[in-house]
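For reference, the structure is listed below as structure tokens.
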Amino acid sequence: MITPFNDLICPLDSLPLTASHASWRCPSGHSFDIARRGYVNLLAVQNKRSRDPGDSQAMVAARSRFLNAGHYQPLAAAVAHQVLESASTTAPLSCIDAGCGEGYYLRELARAAGRAQPLTLGGVDISKWAVQEAARQDKRMAWMVASNAGLPVATSSVDRLLCLFGFPVYAEFARVLKPGGELVIAEAGPAHLYALREVIYPALKPSPVARRVIPEGFSLQAEETVQFDVALEGGEAIADLLAMTPHMHRASPEGRAAALALTALRLRVDVHLLRLVRE
């Protein structure tokens with residue numbers, strides 16, 4: 001069973017929010033309308049870095065097409081395993097995806113849990129286009145426009161937190177997680193999308209080997225490297241992959257043109273998953 005996460009706080013004064021008809025309200029009288037598609041915008045002005053922050057509508061559409069085609073399903077299965085491995089089925093497990101995009105990984109988590117594990121789910125993203133698309137695809141979950149720097153989530157209210165290829169704010173993550181709650185981080189490995197990168201960049205530098213530093217307030221529970229190959233046929237899938245990655249903006253016009261001229265591409269997905277426990 002899937003229910004929406006509703007332990008929310010006001011982005012202006014951090015007081016509890018209560019659903020009232022078509023809005024969320026706090027005791028101070030601040031009110032946030034629930035959009036027709038079912039999401040709520042809780043992005044505080046001080047956390048809004050631009051007029052239209054986060055991924056664009058075109059980037060969201062490209063990622064939605066690519067992920068819904070199943071190209072990253074092995075990664076979604078590995079994320080779901082990390083979330084559910086130590087869960088108890090006797091009580092609902094609350095999970096927030098911080099940087100949820102269009103909600104693919106939460107939907108796959110719900111599918112993996114099935115009827116065995118009740119889940120209370122919510123997704124947060126700074127892009128209104130991503131949250132709109134997430135709400136369109138699955139209305140069982142709570143969807144919020146907000147920033148990882150100021151999650152509109154009550155202190156010590158979350159069992160599991162996801163940050164997948166996103167921007168971790170560990171102090172804020174520690175605040176919202178329950179003691180003993182778990183944070184799942186996904187980071188690109190050195191071989192991630194190498195075949196695409198070598199097409200669009202004239203020279204690739206070796207990835208630096210960084211020393212693993214566990215953030216304050218957390219301890220390492222588990223880590224896993226997820227690797228698998230993806231064969232893309234047709235220019236549309238390759239264009240969607242390029243559009244959903246940072247390489248779309250980092251590459252030169254010549255590099256983008258070279259990638260978009262491809263009609264087939266075989267590449268390796270290489271992702272490192274970390275599961276950290278809130279102490």
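In the structure tokens, chains take letters A, B, ... by order of appearance, with residues numbered from 1 within each chain and ligands from 1 in the order shown.
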Residue contacts of Ala135 in chain A (9 Å, only C-alpha atoms) excluding same-chain residues fewer than 6 positions away, as a list in words: Arg37, Gly38, Tyr39, Glu102, Gly103, Met141, Ala142 and Trp143 of chain A
Alpha helix (DSSP H) call set, DSSP backbone run, range 1-244 of chain A, as a PyMOL selection string: chain A and resi 57-68+73-84+104-113+128-137+170-176+194-200+235-243
Residue contacts of range 21-28 of chain A (7 Å, only C-alpha atoms) excluding same-chain residues fewer than 6 positions away, as a list in words: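 Here the qualifying residues turn out to be Cys10, Leu15 and Ile34 of chain A.
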Surrounding residues of range 208-223 of chain A excluding itself and chain neighbours under 5 positions, 8 Å, only C-alpha atoms, as a PyMOL selection string: chain A and resi 170+174+272-279
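Using only C-alpha atoms for every distance, the candidate list A:Ala261, A:Ala62, A:Cys100, A:Ala243 yields A:Cys100 as the residue closest to Asn148 in chain A.
With distances restricted to only C-alpha atoms, A:Val269 is the closest residue to Val230 in chain A from A:Leu260, A:Val269, A:Leu183, A:Val176.
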Residues within 12 Å of Ala87 in chain A, only C-alpha atoms, excluding chain neighbours under 2 positions, as a count of residues only: 23
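The residue that comes closest to Val124 in chain A, out of A:Val199, A:Phe5, A:Ser20, A:Ala186 and on the basis of only C-alpha atoms, is A:Phe5.
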Nearest-residue call for Arg136 in chain A, choices A:Leu106, A:Arg36, A:Pro179, A:Leu42, using only C-alpha atoms: A:Arg36
Strand (DSSP E or B) positions in range 88-159 of chain A, given as a PyMOL selection string: chain A and resi 93-98+119-125+142-145+153+158-159
Shortest interatomic distance to Val153 in chain A - which of A:Ile96, A:Val45, A:Val169, A:Val184, counting only C-alpha atoms: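 Once distances to Val153 in chain A are computed over only C-alpha atoms, the minimum belongs to A:Ile96.
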Ser156 in chain A surroundings by only C-alpha atoms, 7 Å radius, close-in-sequence under 3 positions cut, as a PyMOL selection string: chain A and resi 175-178
Counting only C-alpha atoms, the option among A:Arg266, A:Gly255, A:Glu133, A:Leu204 closest to Gly234 in chain A: A:Arg266
Shell of 12 Å around Phe167 in chain A, only C-alpha atoms, local chain residues under 5 positions omitted, as a ChimeraX atom specification: /A:54,97-100,125-126,147-149,162,172-173,185-187
Export of prior selection with all heavy atoms as a short mmCIF file (atom, residue, chain, number, x, y, z; two decimals), in the first residue's frame:
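Result file follows (again-v6.cif):
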data_model
loop_
_atom_site.label_atom_id
_atom_site.label_comp_id
_atom_site.auth_asym_id
_atom_site.auth_seq_id
_atom_site.Cartn_x
_atom_site.Cartn_y
_atom_site.Cartn_z
N GLY A 54 16.27 24.75 -11.60
CA GLY A 54 16.21 23.31 -11.83
C GLY A 54 16.09 22.96 -13.30
O GLY A 54 16.28 23.79 -14.19
N ASP A 97 12.42 11.28 -1.63
CA ASP A 97 13.44 11.39 -2.67
C ASP A 97 13.79 12.87 -2.81
O ASP A 97 12.98 13.67 -3.29
CB ASP A 97 12.92 10.82 -3.99
CG ASP A 97 14.01 10.73 -5.05
OD1 ASP A 97 15.10 11.31 -4.85
OD2 ASP A 97 13.77 10.09 -6.10
N ALA A 98 14.99 13.24 -2.38
CA ALA A 98 15.44 14.63 -2.41
C ALA A 98 16.14 14.90 -3.73
O ALA A 98 17.31 14.54 -3.91
CB ALA A 98 16.37 14.91 -1.24
N GLY A 99 15.40 15.50 -4.66
CA GLY A 99 15.86 15.64 -6.03
C GLY A 99 15.22 14.56 -6.88
O GLY A 99 15.89 13.85 -7.63
N CYS A 100 13.89 14.46 -6.76
CA CYS A 100 13.16 13.31 -7.31
C CYS A 100 13.00 13.34 -8.81
O CYS A 100 12.62 12.32 -9.41
CB CYS A 100 11.78 13.23 -6.66
SG CYS A 100 10.70 14.65 -7.00
N ASP A 125 11.70 18.35 -5.48
CA ASP A 125 12.61 18.80 -6.53
C ASP A 125 12.46 20.30 -6.68
O ASP A 125 11.37 20.85 -6.49
CB ASP A 125 12.32 18.11 -7.86
CG ASP A 125 13.54 18.12 -8.78
OD1 ASP A 125 13.81 19.17 -9.40
OD2 ASP A 125 14.23 17.08 -8.88
N ILE A 126 13.56 20.96 -7.04
CA ILE A 126 13.52 22.41 -7.20
C ILE A 126 12.90 22.81 -8.54
O ILE A 126 12.50 23.96 -8.72
CB ILE A 126 14.94 22.99 -7.05
CG1 ILE A 126 14.87 24.48 -6.67
CG2 ILE A 126 15.77 22.75 -8.30
CD1 ILE A 126 16.20 25.06 -6.25
N SER A 147 13.70 22.94 -2.18
CA SER A 147 15.14 22.78 -2.32
C SER A 147 15.67 21.84 -1.26
O SER A 147 15.16 21.78 -0.14
CB SER A 147 15.82 24.15 -2.18
OG SER A 147 17.21 24.02 -2.00
N ASN A 148 16.73 21.11 -1.62
CA ASN A 148 17.40 20.27 -0.62
C ASN A 148 18.00 21.09 0.52
O ASN A 148 18.23 20.58 1.62
CB ASN A 148 18.51 19.44 -1.27
CG ASN A 148 17.95 18.29 -2.08
OD1 ASN A 148 16.75 18.09 -2.16
ND2 ASN A 148 18.83 17.53 -2.71
N ALA A 149 18.25 22.38 0.26
CA ALA A 149 18.80 23.24 1.30
C ALA A 149 17.76 23.62 2.35
O ALA A 149 18.12 24.10 3.43
CB ALA A 149 19.37 24.51 0.67
N LEU A 162 16.50 9.45 -0.20
CA LEU A 162 17.25 9.21 -1.43
C LEU A 162 17.85 10.51 -1.92
O LEU A 162 17.20 11.55 -1.89
CB LEU A 162 16.35 8.63 -2.52
CG LEU A 162 15.55 7.38 -2.22
CD1 LEU A 162 14.72 6.99 -3.44
CD2 LEU A 162 16.46 6.24 -1.82
N GLU A 172 20.98 19.06 6.48
CA GLU A 172 19.52 19.04 6.33
C GLU A 172 19.00 17.60 6.27
O GLU A 172 17.94 17.28 6.83
CB GLU A 172 19.13 19.82 5.08
CG GLU A 172 17.63 19.99 4.86
CD GLU A 172 16.96 20.91 5.87
OE1 GLU A 172 17.58 21.28 6.88
OE2 GLU A 172 15.79 21.23 5.65
N PHE A 173 19.73 16.74 5.62
CA PHE A 173 19.34 15.32 5.56
C PHE A 173 19.35 14.71 6.97
O PHE A 173 18.45 13.94 7.32
CB PHE A 173 20.28 14.55 4.65
CG PHE A 173 20.17 14.89 3.18
CD1 PHE A 173 21.03 14.34 2.26
CD2 PHE A 173 19.21 15.78 2.73
CE1 PHE A 173 20.94 14.64 0.91
CE2 PHE A 173 19.10 16.09 1.37
CZ PHE A 173 19.98 15.52 0.46
N ILE A 185 22.71 7.29 -1.34
CA ILE A 185 23.34 8.23 -2.27
C ILE A 185 23.77 7.48 -3.53
O ILE A 185 24.33 6.37 -3.44
CB ILE A 185 24.59 8.87 -1.63
CG1 ILE A 185 24.23 9.64 -0.36
CG2 ILE A 185 25.33 9.76 -2.62
CD1 ILE A 185 23.67 11.00 -0.58
N ALA A 186 23.51 8.05 -4.70
CA ALA A 186 23.99 7.50 -5.96
C ALA A 186 24.96 8.49 -6.59
O ALA A 186 24.61 9.67 -6.77
CB ALA A 186 22.85 7.20 -6.91
N GLU A 187 26.17 8.01 -6.91
CA GLU A 187 27.19 8.85 -7.54
C GLU A 187 27.69 8.16 -8.81
O GLU A 187 27.83 6.93 -8.85
CB GLU A 187 28.38 9.05 -6.59
CG GLU A 187 28.01 9.68 -5.26
CD GLU A 187 29.17 9.68 -4.28
OE1 GLU A 187 30.07 8.82 -4.45
OE2 GLU A 187 29.19 10.51 -3.37
#
Between CA of Ser88 in chain A and CA of Thr225 in chain A - distance in Å to one decimal: 24.9 Å
Gap from CA of Pro253 in chain A to CA of Arg51 in chain A - Å, one decimal: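 Between CA of Pro253 in chain A and CA of Arg51 in chain A the gap works out to 25.5 Å.
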